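All remarks here apply to the structure that follows.
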Amino acid sequence: MGTQSHCAECGTAWADGQTCTDHFHMMGFWELEHQLYDVHHLMVLCYHLQHPGLYSPEGLEGAKKLLVVFVEEGVSPQAMRKRMSKATDSGRRKYKIKGTPDSYGGYAQPVEWEMVAADVVRAGIDDYYASVRKWAELTLRTLRESGNLR
Ligand SMILES: [Zn+2]
């Protein structure tokens with residue numbers, strides 16, 4: 001009793017004591033165990049976007065842009081890594097990606113996610129790629145419709 005039953009960040013109702021962190025680890029385990037790496041970038045991005053406090057405010061803004069680039073422009077993570085390493089090498093990135101207790105990301109408008117990590121896990125490993133791709137599309141749509149992404 002007295003245990004938390006909802007995620008304070010993404011609003012997921014935790015069933016059977018499975019938290020969002022557990023779902024995140026489960027997806028990571030599936031990827032590792034079954035070599036399902038193609039959507040790793042989307043999975044990590046969606047998970048963090050739905051838990052914006054893991055980011056710094058600037059990191060969250062960067063992550064939103066990254067989701068647009070991946071989902072709408074269809075840029076591959078390999079191509080993106082090249083772009084980003086160039087930006088990092090030239091010292092253009094002057095901020096921290098990760099949130100701290102004093103400085104972390106959040107959304108100006110309330111967000112109700114249509115799909116969360118728990119849904120991907122529930123759909124099962126056989127649908128993993130399709131689930132994560134749908135999760136990325138819905139995450140982007142929700143961000144737009146809630147007015148948190150222009
Ligand atoms: Zn959560």
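Quick note on naming: the chains in the structure tokens go A, B, ... in the order shown, residues restart at 1 in each chain, and ligands are numbered from 1 in order of appearance.
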Could you give me the residues within 8 Å of ligand 1, counting only C-alpha atoms and all ligand atoms, as a short mmCIF file (atom, residue, chain, number, x, y, z; two decimals) with N, CA and C atoms, in the first residue's frame?
```cif
data_model
loop_
_atom_site.label_atom_id
_atom_site.label_comp_id
_atom_site.auth_asym_id
_atom_site.auth_seq_id
_atom_site.Cartn_x
_atom_site.Cartn_y
_atom_site.Cartn_z
N HIS A 6 0.54 5.53 -10.61
CA HIS A 6 0.53 6.27 -11.87
C HIS A 6 1.89 6.92 -12.09
N CYS A 7 2.25 7.04 -13.33
CA CYS A 7 3.48 7.77 -13.63
C CYS A 7 3.19 9.26 -13.58
N ALA A 8 3.97 9.99 -12.80
CA ALA A 8 3.76 11.43 -12.65
C ALA A 8 4.09 12.16 -13.95
N GLU A 9 4.89 11.55 -14.80
CA GLU A 9 5.31 12.23 -16.03
C GLU A 9 4.42 11.94 -17.23
N CYS A 10 4.17 10.66 -17.50
CA CYS A 10 3.41 10.37 -18.72
C CYS A 10 1.97 9.96 -18.42
N GLY A 11 1.64 9.76 -17.15
CA GLY A 11 0.26 9.49 -16.78
C GLY A 11 -0.16 8.03 -16.89
N THR A 12 0.77 7.16 -17.27
CA THR A 12 0.43 5.73 -17.39
C THR A 12 0.01 5.15 -16.05
N THR A 19 6.49 -0.41 -13.75
CA THR A 19 6.60 1.02 -13.97
C THR A 19 7.08 1.31 -15.39
N CYS A 20 7.06 2.59 -15.75
CA CYS A 20 7.56 2.97 -17.07
C CYS A 20 9.03 2.58 -17.24
N THR A 21 9.78 2.71 -16.17
CA THR A 21 11.20 2.32 -16.23
C THR A 21 11.32 0.84 -16.56
N TYR A 47 10.40 7.54 -25.37
CA TYR A 47 10.37 7.33 -23.92
C TYR A 47 10.77 8.61 -23.19
N GLN A 50 8.22 11.46 -23.45
CA GLN A 50 7.06 11.27 -22.59
C GLN A 50 7.44 11.37 -21.11
N HIS A 51 8.73 11.49 -20.84
CA HIS A 51 9.23 11.74 -19.49
C HIS A 51 10.18 12.93 -19.57
N VAL A 116 1.78 4.86 -25.03
CA VAL A 116 2.91 4.97 -24.10
C VAL A 116 3.73 3.68 -24.13
N ALA A 117 4.84 3.69 -23.41
CA ALA A 117 5.74 2.54 -23.40
C ALA A 117 5.01 1.24 -23.06
#
```
Task: Neighbour list for Leu54 in chain A as number ranges by chain, cut-off 10 Å, only C-alpha atoms, skip fewer than 2 positions in-chain - done: A: 9, 47-52, 56-57, 59-60, 97-101, 103-106
Selection: 9 Å around Thr139 in chain A, only C-alpha atoms, excl. self and same-chain fewer than 3 positions, as a PDB file with N, CA and C atoms, in the first residue's frame:
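Result file follows (out.pdb):
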```
ATOM      1  N   CYS A  46      11.071   8.550 -27.868  1.00  0.00           N
ATOM      2  CA  CYS A  46       9.679   8.596 -27.399  1.00  0.00           C
ATOM      3  C   CYS A  46       9.615   8.463 -25.885  1.00  0.00           C
ATOM      4  N   LEU A  49      10.759  11.732 -24.424  1.00  0.00           N
ATOM      5  CA  LEU A  49       9.803  12.820 -24.690  1.00  0.00           C
ATOM      6  C   LEU A  49       8.563  12.685 -23.804  1.00  0.00           C
ATOM      7  N   GLN A  50       8.219  11.464 -23.454  1.00  0.00           N
ATOM      8  CA  GLN A  50       7.059  11.273 -22.590  1.00  0.00           C
ATOM      9  C   GLN A  50       7.435  11.369 -21.114  1.00  0.00           C
ATOM     10  N   LEU A  67      12.626  14.314 -33.272  1.00  0.00           N
ATOM     11  CA  LEU A  67      11.483  13.454 -33.596  1.00  0.00           C
ATOM     12  C   LEU A  67      10.887  13.854 -34.951  1.00  0.00           C
ATOM     13  N   TRP A 113      -1.075  11.427 -23.706  1.00  0.00           N
ATOM     14  CA  TRP A 113      -0.474  10.574 -24.738  1.00  0.00           C
ATOM     15  C   TRP A 113      -1.462   9.520 -25.200  1.00  0.00           C
ATOM     16  N   GLU A 114      -1.485   9.313 -26.520  1.00  0.00           N
ATOM     17  CA  GLU A 114      -2.356   8.270 -27.074  1.00  0.00           C
ATOM     18  C   GLU A 114      -1.734   6.896 -26.916  1.00  0.00           C
ATOM     19  N   MET A 115      -0.414   6.885 -26.875  1.00  0.00           N
ATOM     20  CA  MET A 115       0.298   5.605 -26.786  1.00  0.00           C
ATOM     21  C   MET A 115       1.518   5.814 -25.900  1.00  0.00           C
ATOM     22  N   VAL A 116       1.782   4.862 -25.029  1.00  0.00           N
ATOM     23  CA  VAL A 116       2.909   4.966 -24.100  1.00  0.00           C
ATOM     24  C   VAL A 116       3.729   3.676 -24.132  1.00  0.00           C
ATOM     25  N   LYS A 134       4.663   3.322 -34.753  1.00  0.00           N
ATOM     26  CA  LYS A 134       3.372   3.940 -34.480  1.00  0.00           C
ATOM     27  C   LYS A 134       3.474   4.852 -33.252  1.00  0.00           C
ATOM     28  N   TRP A 135       4.208   4.396 -32.258  1.00  0.00           N
ATOM     29  CA  TRP A 135       4.411   5.180 -31.048  1.00  0.00           C
ATOM     30  C   TRP A 135       5.058   6.524 -31.390  1.00  0.00           C
ATOM     31  N   ALA A 136       6.045   6.497 -32.281  1.00  0.00           N
ATOM     32  CA  ALA A 136       6.733   7.724 -32.683  1.00  0.00           C
ATOM     33  C   ALA A 136       5.781   8.668 -33.422  1.00  0.00           C
ATOM     34  N   THR A 142       0.591  13.951 -30.992  1.00  0.00           N
ATOM     35  CA  THR A 142       0.118  14.455 -29.700  1.00  0.00           C
ATOM     36  C   THR A 142       0.831  15.746 -29.317  1.00  0.00           C
ATOM     37  N   LEU A 143       2.123  15.797 -29.573  1.00  0.00           N
ATOM     38  CA  LEU A 143       2.879  17.020 -29.255  1.00  0.00           C
ATOM     39  C   LEU A 143       2.332  18.203 -30.053  1.00  0.00           C
ATOM     40  N   ARG A 144       2.036  17.953 -31.335  1.00  0.00           N
ATOM     41  CA  ARG A 144       1.500  19.007 -32.191  1.00  0.00           C
ATOM     42  C   ARG A 144       0.109  19.422 -31.729  1.00  0.00           C
TER      43      ARG A 144
END
```
